[in-house]
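Undergrad: To be precise about what I am sending: the file is called run_32.pdb and holds PDB, C-alpha atoms, pLDDT in the B column.
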```pdb
ATOM      1  CA  MET A1065       0.000   0.000   0.000  1.00 69.00           C
ATOM      2  CA  CYS A1066       1.378   3.406  -0.962  1.00 85.00           C
ATOM      3  CA  HIS A1067       0.678   5.710   1.976  1.00 92.00           C
ATOM      4  CA  ARG A1068       2.908   8.659   1.085  1.00 95.00           C
ATOM      5  CA  PHE A1069       4.097  10.557  -1.981  1.00 96.00           C
ATOM      6  CA  ASN A1070       5.201  14.059  -2.862  1.00 94.00           C
ATOM      7  CA  ILE A1071       6.061  16.704  -5.419  1.00 91.00           C
ATOM      8  CA  THR A1072       9.525  18.010  -4.659  1.00 88.00           C
ATOM      9  CA  SER A1073       9.966  19.614  -8.090  1.00 89.00           C
ATOM     10  CA  SER A1074      10.210  23.348  -8.567  1.00 88.00           C
ATOM     11  CA  PRO A1075       7.035  25.318  -9.341  1.00 88.00           C
ATOM     12  CA  ASP A1076       8.450  25.867 -12.842  1.00 89.00           C
ATOM     13  CA  ALA A1077       8.661  22.110 -13.425  1.00 91.00           C
ATOM     14  CA  ILE A1078       5.054  21.667 -12.329  1.00 92.00           C
ATOM     15  CA  VAL A1079       3.957  24.538 -14.573  1.00 91.00           C
ATOM     16  CA  ASP A1080       5.839  22.987 -17.507  1.00 93.00           C
ATOM     17  CA  PHE A1081       4.107  19.649 -16.917  1.00 94.00           C
ATOM     18  CA  LEU A1082       0.663  21.276 -16.799  1.00 94.00           C
ATOM     19  CA  ASN A1083       1.414  23.287 -19.943  1.00 94.00           C
ATOM     20  CA  ASN A1084       1.378  19.982 -21.847  1.00 95.00           C
ATOM     21  CA  PHE A1085      -2.360  19.904 -21.157  1.00 96.00           C
ATOM     22  CA  GLY A1086      -3.097  23.577 -21.737  1.00 94.00           C
ATOM     23  CA  VAL A1087      -3.847  24.324 -18.087  1.00 92.00           C
ATOM     24  CA  SER A1088      -2.299  26.567 -15.473  1.00 85.00           C
ATOM     25  CA  ALA A1089      -2.452  26.574 -11.693  1.00 84.00           C
ATOM     26  CA  GLU A1090      -1.805  29.052  -8.928  1.00 82.00           C
ATOM     27  CA  PRO A1091       1.370  28.291  -6.952  1.00 80.00           C
ATOM     28  CA  SER A1092      -0.840  28.164  -3.849  1.00 80.00           C
ATOM     29  CA  LEU A1093      -2.137  24.805  -5.134  1.00 80.00           C
ATOM     30  CA  PHE A1094       1.327  23.291  -5.074  1.00 82.00           C
ATOM     31  CA  PRO A1095       2.231  21.140  -2.065  1.00 76.00           C
ATOM     32  CA  LYS A1096       4.254  22.387   0.870  1.00 71.00           C
ATOM     33  CA  SER A1097       5.157  18.932   2.225  1.00 78.00           C
ATOM     34  CA  ASP A1098       4.718  15.216   1.588  1.00 91.00           C
ATOM     35  CA  TYR A1099       1.231  13.941   0.881  1.00 95.00           C
ATOM     36  CA  TYR A1100      -0.407  11.583   3.386  1.00 95.00           C
ATOM     37  CA  PRO A1101      -3.963  10.155   3.523  1.00 96.00           C
ATOM     38  CA  LEU A1102      -6.609  12.902   3.859  1.00 96.00           C
ATOM     39  CA  HIS A1103      -4.190  15.561   2.586  1.00 96.00           C
ATOM     40  CA  ASP A1104      -5.319  17.662  -0.357  1.00 95.00           C
ATOM     41  CA  VAL A1105      -3.343  16.430  -3.370  1.00 95.00           C
ATOM     42  CA  LEU A1106      -2.885  17.932  -6.829  1.00 95.00           C
ATOM     43  CA  THR A1107      -4.976  16.203  -9.509  1.00 96.00           C
ATOM     44  CA  LEU A1108      -5.675  16.610 -13.196  1.00 97.00           C
ATOM     45  CA  ARG A1109      -8.744  15.392 -15.101  1.00 98.00           C
ATOM     46  CA  LEU A1110     -10.746  15.955 -18.251  1.00 97.00           C
ATOM     47  CA  VAL A1111     -14.073  17.759 -17.895  1.00 95.00           C
ATOM     48  CA  ASP A1112     -14.860  17.294 -21.584  1.00 87.00           C
ATOM     49  CA  ASP A1113     -12.974  15.870 -24.541  1.00 76.00           C
ATOM     50  CA  ASN A1114     -10.555  18.801 -24.756  1.00 85.00           C
ATOM     51  CA  GLN A1115     -10.701  20.712 -21.484  1.00 94.00           C
ATOM     52  CA  TRP A1116      -8.501  19.769 -18.541  1.00 97.00           C
ATOM     53  CA  LYS A1117      -8.983  20.836 -14.935  1.00 96.00           C
ATOM     54  CA  VAL A1118      -6.321  20.941 -12.230  1.00 95.00           C
ATOM     55  CA  GLU A1119      -7.605  20.861  -8.663  1.00 94.00           C
ATOM     56  CA  GLN A1120      -6.912  19.752  -5.125  1.00 94.00           C
ATOM     57  CA  ARG A1121      -8.693  16.645  -3.889  1.00 97.00           C
ATOM     58  CA  SER A1122      -8.691  14.858  -0.549  1.00 97.00           C
ATOM     59  CA  TRP A1123      -6.606  11.675  -0.779  1.00 98.00           C
ATOM     60  CA  GLY A1124      -8.932   8.896   0.317  1.00 98.00           C
ATOM     61  CA  PHE A1125     -11.868   7.901  -1.842  1.00 98.00           C
ATOM     62  CA  LEU A1126     -15.338   8.889  -0.632  1.00 97.00           C
ATOM     63  CA  PRO A1127     -18.167   7.859  -2.975  1.00 96.00           C
ATOM     64  CA  LYS A1128     -21.185  10.097  -3.271  1.00 95.00           C
ATOM     65  CA  SER A1129     -23.325   7.290  -1.844  1.00 92.00           C
ATOM     66  CA  TRP A1130     -21.317   6.902   1.390  1.00 92.00           C
ATOM     67  CA  LYS A1131     -23.195   6.791   4.683  1.00 89.00           C
ATOM     68  CA  PRO A1132     -21.991   6.074   8.242  1.00 84.00           C
ATOM     69  CA  THR A1133     -22.225   2.465   9.423  1.00 83.00           C
ATOM     70  CA  GLY A1134     -21.729   0.699  12.719  1.00 80.00           C
ATOM     71  CA  LYS A1135     -18.174  -0.293  11.745  1.00 82.00           C
ATOM     72  CA  VAL A1136     -17.154   2.938   9.984  1.00 81.00           C
ATOM     73  CA  ARG A1137     -18.855   5.820  11.696  1.00 86.00           C
ATOM     74  CA  THR A1138     -17.079   8.824  10.152  1.00 92.00           C
ATOM     75  CA  ARG A1139     -16.093   9.779   6.645  1.00 92.00           C
ATOM     76  CA  LYS A1140     -12.450  10.290   7.729  1.00 94.00           C
ATOM     77  CA  SER A1141     -12.279   6.713   8.985  1.00 94.00           C
ATOM     78  CA  PHE A1142     -13.678   5.489   5.688  1.00 95.00           C
ATOM     79  CA  GLN A1143     -11.311   7.603   3.594  1.00 96.00           C
ATOM     80  CA  ARG A1144      -8.194   6.450   5.449  1.00 96.00           C
ATOM     81  CA  GLY A1145      -8.953   2.910   4.336  1.00 95.00           C
ATOM     82  CA  LYS A1146      -9.585   3.866   0.702  1.00 97.00           C
ATOM     83  CA  ILE A1147      -6.379   5.534  -0.488  1.00 98.00           C
ATOM     84  CA  ASN A1148      -5.369   2.760  -2.934  1.00 97.00           C
ATOM     85  CA  ALA A1149      -7.461   0.780  -5.416  1.00 97.00           C
ATOM     86  CA  ARG A1150      -6.252  -2.379  -7.125  1.00 97.00           C
ATOM     87  CA  SER A1151      -6.100  -1.577 -10.837  1.00 98.00           C
ATOM     88  CA  GLU A1152      -6.949  -5.167 -11.753  1.00 97.00           C
ATOM     89  CA  THR A1153     -10.384  -5.010 -10.114  1.00 97.00           C
ATOM     90  CA  ALA A1154     -11.191  -1.299  -9.794  1.00 97.00           C
ATOM     91  CA  ASP A1155     -14.001  -1.656 -12.342  1.00 97.00           C
ATOM     92  CA  THR A1156     -15.756  -4.493 -10.511  1.00 97.00           C
ATOM     93  CA  THR A1157     -15.346  -3.868  -6.766  1.00 96.00           C
ATOM     94  CA  TRP A1158     -17.035  -1.385  -4.481  1.00 94.00           C
ATOM     95  CA  PRO A1159     -16.520   1.516  -3.886  1.00 96.00           C
ATOM     96  CA  TRP A1160     -14.438   2.091  -7.011  1.00 97.00           C
ATOM     97  CA  LYS A1161     -16.519   0.448  -9.732  1.00 95.00           C
ATOM     98  CA  PHE A1162     -19.056   3.227 -10.270  1.00 94.00           C
ATOM     99  CA  ALA A1163     -16.296   5.822 -10.690  1.00 97.00           C
ATOM    100  CA  PHE A1164     -13.878   3.848 -12.849  1.00 97.00           C
ATOM    101  CA  SER A1165     -15.859   4.094 -16.087  1.00 96.00           C
ATOM    102  CA  SER A1166     -16.047   7.892 -16.252  1.00 95.00           C
ATOM    103  CA  GLN A1167     -14.336   9.479 -13.217  1.00 98.00           C
ATOM    104  CA  ARG A1168     -10.657   8.856 -13.811  1.00 98.00           C
ATOM    105  CA  CYS A1169      -7.966  11.388 -12.989  1.00 98.00           C
ATOM    106  CA  VAL A1170      -4.225  11.505 -12.408  1.00 98.00           C
ATOM    107  CA  MET A1171      -2.436  12.579  -9.244  1.00 97.00           C
ATOM    108  CA  LEU A1172       0.745  14.598  -9.780  1.00 96.00           C
ATOM    109  CA  ALA A1173       3.926  13.340  -8.102  1.00 96.00           C
ATOM    110  CA  SER A1174       7.698  13.402  -8.290  1.00 95.00           C
ATOM    111  CA  SER A1175       8.339  10.415  -6.003  1.00 96.00           C
ATOM    112  CA  PHE A1176       6.520   7.932  -3.807  1.00 97.00           C
ATOM    113  CA  TYR A1177       7.315   5.909  -0.708  1.00 96.00           C
ATOM    114  CA  GLU A1178       6.845   2.303   0.299  1.00 95.00           C
ATOM    115  CA  PRO A1179       7.687   0.576   3.606  1.00 94.00           C
ATOM    116  CA  PHE A1180      11.373  -0.418   3.438  1.00 94.00           C
ATOM    117  CA  LYS A1181      12.165  -4.023   4.360  1.00 93.00           C
ATOM    118  CA  GLU A1182      14.765  -2.853   6.910  1.00 92.00           C
ATOM    119  CA  GLY A1183      12.525  -0.187   8.447  1.00 93.00           C
ATOM    120  CA  GLY A1184      11.288   3.275   7.570  1.00 94.00           C
ATOM    121  CA  ASP A1185      10.054   4.351   4.141  1.00 95.00           C
ATOM    122  CA  GLY A1186      12.052   3.878   0.960  1.00 95.00           C
ATOM    123  CA  ASN A1187      11.750   6.533  -1.754  1.00 97.00           C
ATOM    124  CA  TYR A1188      11.165   5.777  -5.445  1.00 98.00           C
ATOM    125  CA  SER A1189      11.597   8.292  -8.260  1.00 97.00           C
ATOM    126  CA  LEU A1190      11.865   8.298 -12.053  1.00 98.00           C
ATOM    127  CA  PRO A1191      15.128   9.663 -13.478  1.00 97.00           C
ATOM    128  CA  GLY A1192      14.361  12.227 -16.160  1.00 95.00           C
ATOM    129  CA  HIS A1193      10.841  12.933 -14.877  1.00 96.00           C
ATOM    130  CA  ASP A1194      10.623  15.792 -12.390  1.00 94.00           C
ATOM    131  CA  VAL A1195       6.851  15.386 -12.416  1.00 96.00           C
ATOM    132  CA  PHE A1196       4.843  12.308 -13.375  1.00 97.00           C
ATOM    133  CA  ALA A1197       1.255  11.127 -13.082  1.00 98.00           C
ATOM    134  CA  ILE A1198      -0.255   8.417 -10.894  1.00 98.00           C
ATOM    135  CA  ALA A1199      -3.463   6.928 -12.285  1.00 98.00           C
ATOM    136  CA  GLY A1200      -6.443   7.618 -10.050  1.00 98.00           C
ATOM    137  CA  ILE A1201     -10.204   7.861  -9.717  1.00 98.00           C
ATOM    138  CA  TRP A1202     -12.314  10.599  -8.160  1.00 98.00           C
ATOM    139  CA  ASP A1203     -15.752  11.337  -6.736  1.00 98.00           C
ATOM    140  CA  ASN A1204     -17.642  14.169  -5.024  1.00 98.00           C
ATOM    141  CA  PHE A1205     -19.507  13.648  -1.770  1.00 96.00           C
ATOM    142  CA  GLU A1206     -22.025  15.901  -0.067  1.00 94.00           C
ATOM    143  CA  GLY A1207     -23.722  14.893   3.156  1.00 88.00           C
ATOM    144  CA  ASP A1208     -23.304  14.020   6.837  1.00 83.00           C
ATOM    145  CA  ASP A1209     -19.728  13.307   7.963  1.00 78.00           C
ATOM    146  CA  GLY A1210     -20.897  10.887  10.632  1.00 80.00           C
ATOM    147  CA  LYS A1211     -20.641  13.499  13.380  1.00 85.00           C
ATOM    148  CA  GLY A1212     -23.704  15.492  12.405  1.00 86.00           C
ATOM    149  CA  ASN A1213     -21.786  17.966  10.247  1.00 86.00           C
ATOM    150  CA  HIS A1214     -22.666  18.655   6.615  1.00 91.00           C
ATOM    151  CA  GLU A1215     -19.629  18.410   4.325  1.00 92.00           C
ATOM    152  CA  SER A1216     -18.731  18.679   0.656  1.00 95.00           C
ATOM    153  CA  ILE A1217     -15.687  16.508  -0.094  1.00 97.00           C
ATOM    154  CA  GLU A1218     -13.898  16.197  -3.431  1.00 98.00           C
ATOM    155  CA  SER A1219     -11.825  13.035  -3.119  1.00 98.00           C
ATOM    156  CA  CYS A1220      -9.562  10.680  -5.045  1.00 98.00           C
ATOM    157  CA  ALA A1221      -7.627   7.421  -4.745  1.00 98.00           C
ATOM    158  CA  MET A1222      -4.630   6.080  -6.642  1.00 98.00           C
ATOM    159  CA  LEU A1223      -4.576   2.860  -8.643  1.00 98.00           C
ATOM    160  CA  THR A1224      -1.924   0.278  -7.819  1.00 98.00           C
ATOM    161  CA  SER A1225      -0.330  -2.595  -9.735  1.00 98.00           C
ATOM    162  CA  ASP A1226       1.932  -5.494  -8.849  1.00 97.00           C
ATOM    163  CA  ALA A1227       5.361  -4.392  -7.677  1.00 97.00           C
ATOM    164  CA  ASN A1228       8.212  -4.430 -10.189  1.00 97.00           C
ATOM    165  CA  ALA A1229      11.478  -6.212  -9.357  1.00 97.00           C
ATOM    166  CA  LEU A1230      13.047  -3.158  -7.688  1.00 97.00           C
ATOM    167  CA  VAL A1231      10.078  -2.412  -5.453  1.00 97.00           C
ATOM    168  CA  ALA A1232       9.558  -6.096  -4.625  1.00 95.00           C
ATOM    169  CA  SER A1233      13.196  -6.491  -3.549  1.00 96.00           C
ATOM    170  CA  THR A1234      13.237  -3.427  -1.292  1.00 96.00           C
ATOM    171  CA  ARG A1235       9.807  -3.035   0.238  1.00 93.00           C
ATOM    172  CA  ASN A1236       7.996  -4.702   3.103  1.00 87.00           C
ATOM    173  CA  GLY A1237       4.352  -5.761   3.181  1.00 87.00           C
ATOM    174  CA  ARG A1238       2.034  -5.915   0.188  1.00 85.00           C
ATOM    175  CA  MET A1239       3.921  -6.153  -3.091  1.00 93.00           C
ATOM    176  CA  ARG A1240       2.175  -3.245  -4.776  1.00 96.00           C
ATOM    177  CA  GLN A1241       3.158   0.098  -6.300  1.00 97.00           C
ATOM    178  CA  PRO A1242       1.324   3.064  -7.879  1.00 98.00           C
ATOM    179  CA  VAL A1243       0.310   2.881 -11.547  1.00 98.00           C
ATOM    180  CA  ILE A1244       2.572   5.469 -13.188  1.00 98.00           C
ATOM    181  CA  LEU A1245       2.034   7.394 -16.442  1.00 98.00           C
ATOM    182  CA  THR A1246       4.502   9.840 -17.979  1.00 98.00           C
ATOM    183  CA  ASN A1247       3.525  10.089 -21.637  1.00 97.00           C
ATOM    184  CA  VAL A1248       1.094  12.942 -22.412  1.00 97.00           C
ATOM    185  CA  ASP A1249      -0.842  10.888 -24.962  1.00 97.00           C
ATOM    186  CA  LEU A1250      -1.228   7.980 -22.547  1.00 98.00           C
ATOM    187  CA  ILE A1251      -2.410  10.291 -19.766  1.00 98.00           C
ATOM    188  CA  GLN A1252      -4.936  11.712 -22.225  1.00 97.00           C
ATOM    189  CA  ARG A1253      -6.074   8.201 -23.072  1.00 97.00           C
ATOM    190  CA  TYR A1254      -6.356   7.150 -19.442  1.00 98.00           C
ATOM    191  CA  CYS A1255      -8.510  10.169 -18.586  1.00 97.00           C
ATOM    192  CA  SER A1256     -10.572  10.090 -21.799  1.00 97.00           C
ATOM    193  CA  LEU A1257     -14.306  10.322 -21.219  1.00 95.00           C
ATOM    194  CA  GLU A1258     -14.891   8.254 -24.337  1.00 95.00           C
ATOM    195  CA  ILE A1259     -13.180   5.214 -22.832  1.00 96.00           C
ATOM    196  CA  THR A1260     -15.366   3.418 -20.294  1.00 96.00           C
ATOM    197  CA  GLU A1261     -14.193  -0.217 -20.282  1.00 97.00           C
ATOM    198  CA  HIS A1262     -11.351  -1.656 -18.222  1.00 97.00           C
ATOM    199  CA  HIS A1263      -9.992  -3.764 -21.084  1.00 97.00           C
ATOM    200  CA  GLN A1264      -9.402  -0.592 -23.113  1.00 97.00           C
ATOM    201  CA  LEU A1265      -6.900   0.569 -20.498  1.00 98.00           C
ATOM    202  CA  HIS A1266      -5.403  -2.750 -19.472  1.00 96.00           C
ATOM    203  CA  ASP A1267      -2.001  -2.074 -21.059  1.00 97.00           C
ATOM    204  CA  LEU A1268      -1.632   1.194 -19.119  1.00 98.00           C
ATOM    205  CA  LEU A1269      -2.119  -0.471 -15.740  1.00 97.00           C
ATOM    206  CA  ALA A1270       1.105  -2.495 -15.770  1.00 96.00           C
ATOM    207  CA  PRO A1271       3.964  -1.960 -13.277  1.00 97.00           C
ATOM    208  CA  TRP A1272       6.411   0.790 -14.193  1.00 97.00           C
ATOM    209  CA  PRO A1273       9.691  -0.880 -15.318  1.00 97.00           C
ATOM    210  CA  ASP A1274      12.274  -1.310 -12.578  1.00 97.00           C
ATOM    211  CA  THR A1275      15.046  -0.262 -14.984  1.00 97.00           C
ATOM    212  CA  LYS A1276      13.443   3.190 -15.233  1.00 97.00           C
ATOM    213  CA  MET A1277      13.078   3.713 -11.503  1.00 98.00           C
ATOM    214  CA  GLU A1278      15.513   4.840  -8.802  1.00 98.00           C
ATOM    215  CA  PHE A1279      15.433   3.772  -5.148  1.00 97.00           C
ATOM    216  CA  ASN A1280      16.789   5.603  -2.114  1.00 96.00           C
ATOM    217  CA  ALA A1281      16.820   3.829   1.234  1.00 94.00           C
ATOM    218  CA  PRO A1282      15.816   5.791   4.324  1.00 90.00           C
ATOM    219  CA  THR A1283      18.419   7.052   6.739  1.00 84.00           C
ATOM    220  CA  LEU A1284      17.795   5.051   9.900  1.00 67.00           C
TER     221      LEU A1284
END
```
Turn this file's structure into structure tokens for me.

TA:
Amino acid sequence: MCHRFNITSSPDAIVDFLNNFGVSAEPSLFPKSDYYPLHDVLTLRLVDDNQWKVEQRSWGFLPKSWKPTGKVRTRKSFQRGKINARSETADTTWPWKFAFSSQRCVMLASSFYEPFKEGGDGNYSLPGHDVFAIAGIWDNFEGDDGKGNHESIESCAMLTSDANALVASTRNGRMRQPVILTNVDLIQRYCSLEITEHHQLHDLLAPWPDTKMEFNAPTL
């Protein structure tokens, strides 16, 4: 499970990445620290066939149909358990399946972390890519937060794949990693509103090659 990522790139690098999609963003949207569950993260999605929107969304998926239950009484509790969705089954399992067909987005990152097998969090980055995209899904919730407060929450979750050889040899726990996209055309295809079936995106949901990834062990 990926529980932490960041954008450590300069504002100029983020602006350059967004320029590929014809959108701009205020520097105030850019992160000030690492992203953790429930943090507002920087996302990009299509609102029609040609118009992109960059926005902050709460990391932790909250479907519009969510309601408190005896086991999960608050929306924050629910969201903390819904930060990652398995790409292989995101179209068939709740709560992701209703969003996968038409509510796909990407989450902007420059590196991500996984639990290191010797303790702490190992860092993974892509040489040559100051900013890259992590495949995700989104939804908008409006209702009771489980504590009697009315809330409007714009949320997202990242898709994960099997771990590549580098991640598998260095991480602890579940052998998973984020689904990474760097090519503008492939990001466009992933977010396309005309594509609604999982099989049309299957080739994009593979693990990022270990030979194109760099690992840095934590200082313990």

Undergrad: Mind telling me what the PyMOL selection byres ((chain A and resi 1212-1220) around 9) catches here, as a ChimeraX atom specification?

TA: /A:1102,1104-1105,1107,1120-1127,1143,1146-1147,1169,1171,1200-1211,1221-1222

Undergrad: Nearest residue to Thr1072 in chain A out of A:Phe1279, A:Phe1176, A:Phe1162, A:Phe1142, using only C-alpha atoms?

TA: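 That would be A:Phe1176, the residue with the smallest distance to Thr1072 in chain A.
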
Undergrad: Can you translate the PyMOL selection byres ((chain A and resi 1271) around 10) into the concrete residues it hits in this file, as a list in words?

TA: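 Answer for the PyMOL selection byres ((chain A and resi 1271) around 10): Thr1224, Ser1225, Asp1226, Ala1227, Asn1228, Ala1229, Val1231, Arg1240, Gln1241, Pro1242, Val1243, Ile1244, Asp1267, Leu1268, Leu1269, Ala1270, Trp1272, Pro1273 and Asp1274 of chain A.
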
Undergrad: Starting from the shown file, work through the PyMOL selection byres ((chain A and resi 1253) around 12) and note down what comes out as a PyMOL selection string.

TA: chain A and resi 1109-1110+1113-1114+1168-1170+1199+1245-1252+1254-1260+1264-1268

Undergrad: Using Å and a single decimal, report how far CA of Ser1088 in chain A sits from CA of Ser1073 in chain A.

TA: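 Atom-to-atom, CA of Ser1073 in chain A to CA of Ser1088 in chain A, that is 15.9 Å.
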
Undergrad: Using all atoms listed in the file, determine which residues lie at most 10 Å from Gly1184 in chain A, disregarding the query and same-chain residues fewer than 4 positions distant; provide the list as a PyMOL selection string.

TA: chain A and resi 1177-1180+1235-1236+1281-1284

Undergrad: Report as JSON the centre and the edge lengths, in Å to one decimal, of the axis-aligned box holding every listed atom of range 1093-1098 of chain A, padded by 8 Å on each side.

TA:
```
{"center_x": 1.5, "center_y": 20.0, "center_z": -1.5, "size_x": 23.3, "size_y": 25.6, "size_z": 23.4}
```

Undergrad: Given the choices A:Ser1175, A:Ser1233, A:Ser1097, A:Ser1166, which gets closest to Phe1196 in chain A if the distance is worked out from only C-alpha atoms?

TA: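 Of A:Ser1175, A:Ser1233, A:Ser1097, A:Ser1166, the one nearest Phe1196 in chain A is A:Ser1175, counting only C-alpha atoms.
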
Undergrad: Near Ser1074 in chain A, counting only C-alpha atoms, which residues have an atom at most 9 Å away, once you skip same-chain residues fewer than 4 positions from it, shown as a PDB file with C-alpha atoms, in the frame of the given file?

TA:
```
ATOM      1  CA  ILE A1078       5.054  21.667 -12.329  1.00 92.00           C
ATOM      2  CA  VAL A1079       3.957  24.538 -14.573  1.00 91.00           C
ATOM      3  CA  ASP A1194      10.623  15.792 -12.390  1.00 94.00           C
TER       4      ASP A1194
END
```

Undergrad: In Å, with one decimal, what is the gap from CA of Leu1172 in chain A to CA of Glu1278 in chain A?

TA: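 Interatomic distance here is 17.7 Å.
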
Undergrad: Compare A:Trp1130, A:Tyr1100, A:Phe1164, A:Trp1116 by their minimum atom-to-atom distance to Cys1066 in chain A, counting all atoms listed in the file, and give me the closest one.

TA: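 That would be A:Tyr1100, the residue with the smallest distance to Cys1066 in chain A.
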
Undergrad: What is the CA of His1263 in chain A-CA of Met1239 in chain A distance in Å, reported with one decimal?

TA: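 Atom-to-atom, CA of His1263 in chain A and CA of Met1239 in chain A are spaced 22.9 Å apart.
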
Undergrad: Kindly reconstruct range 1119-1132 of chain A with N, CA and C atoms and present the result as a compact mmCIF listing (two decimals), keeping the file's coordinate frame.

TA:
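What landed in result-v4.txt:
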```txt
# COMPACT_ATOMS: atom_id res chain seq x y z
N GLU A 1119 -6.91 20.55 -9.90
CA GLU A 1119 -7.60 20.86 -8.66
C GLU A 1119 -7.00 20.06 -7.51
N GLN A 1120 -7.29 20.50 -6.31
CA GLN A 1120 -6.91 19.75 -5.12
C GLN A 1120 -8.06 18.83 -4.72
N ARG A 1121 -7.70 17.60 -4.36
CA ARG A 1121 -8.69 16.64 -3.89
C ARG A 1121 -8.16 15.93 -2.66
N SER A 1122 -9.06 15.58 -1.76
CA SER A 1122 -8.69 14.86 -0.55
C SER A 1122 -8.29 13.43 -0.91
N TRP A 1123 -7.10 13.01 -0.45
CA TRP A 1123 -6.61 11.68 -0.78
C TRP A 1123 -7.24 10.66 0.16
N GLY A 1124 -8.12 9.87 -0.40
CA GLY A 1124 -8.93 8.90 0.32
C GLY A 1124 -10.32 8.93 -0.29
N PHE A 1125 -10.64 7.90 -1.03
CA PHE A 1125 -11.87 7.90 -1.84
C PHE A 1125 -13.12 7.91 -0.97
N LEU A 1126 -14.06 8.78 -1.34
CA LEU A 1126 -15.34 8.89 -0.63
C LEU A 1126 -16.44 8.97 -1.68
N PRO A 1127 -17.13 7.85 -1.94
CA PRO A 1127 -18.17 7.86 -2.98
C PRO A 1127 -19.35 8.71 -2.56
N LYS A 1128 -20.04 9.22 -3.55
CA LYS A 1128 -21.18 10.10 -3.27
C LYS A 1128 -22.27 9.39 -2.49
N SER A 1129 -22.28 8.06 -2.53
CA SER A 1129 -23.32 7.29 -1.84
C SER A 1129 -22.96 6.92 -0.41
N TRP A 1130 -21.77 7.35 0.07
CA TRP A 1130 -21.32 6.90 1.39
C TRP A 1130 -22.24 7.37 2.52
N LYS A 1131 -22.45 6.47 3.47
CA LYS A 1131 -23.20 6.79 4.68
C LYS A 1131 -22.52 6.10 5.87
N PRO A 1132 -22.60 6.70 7.06
CA PRO A 1132 -21.99 6.07 8.24
C PRO A 1132 -22.60 4.70 8.52
```
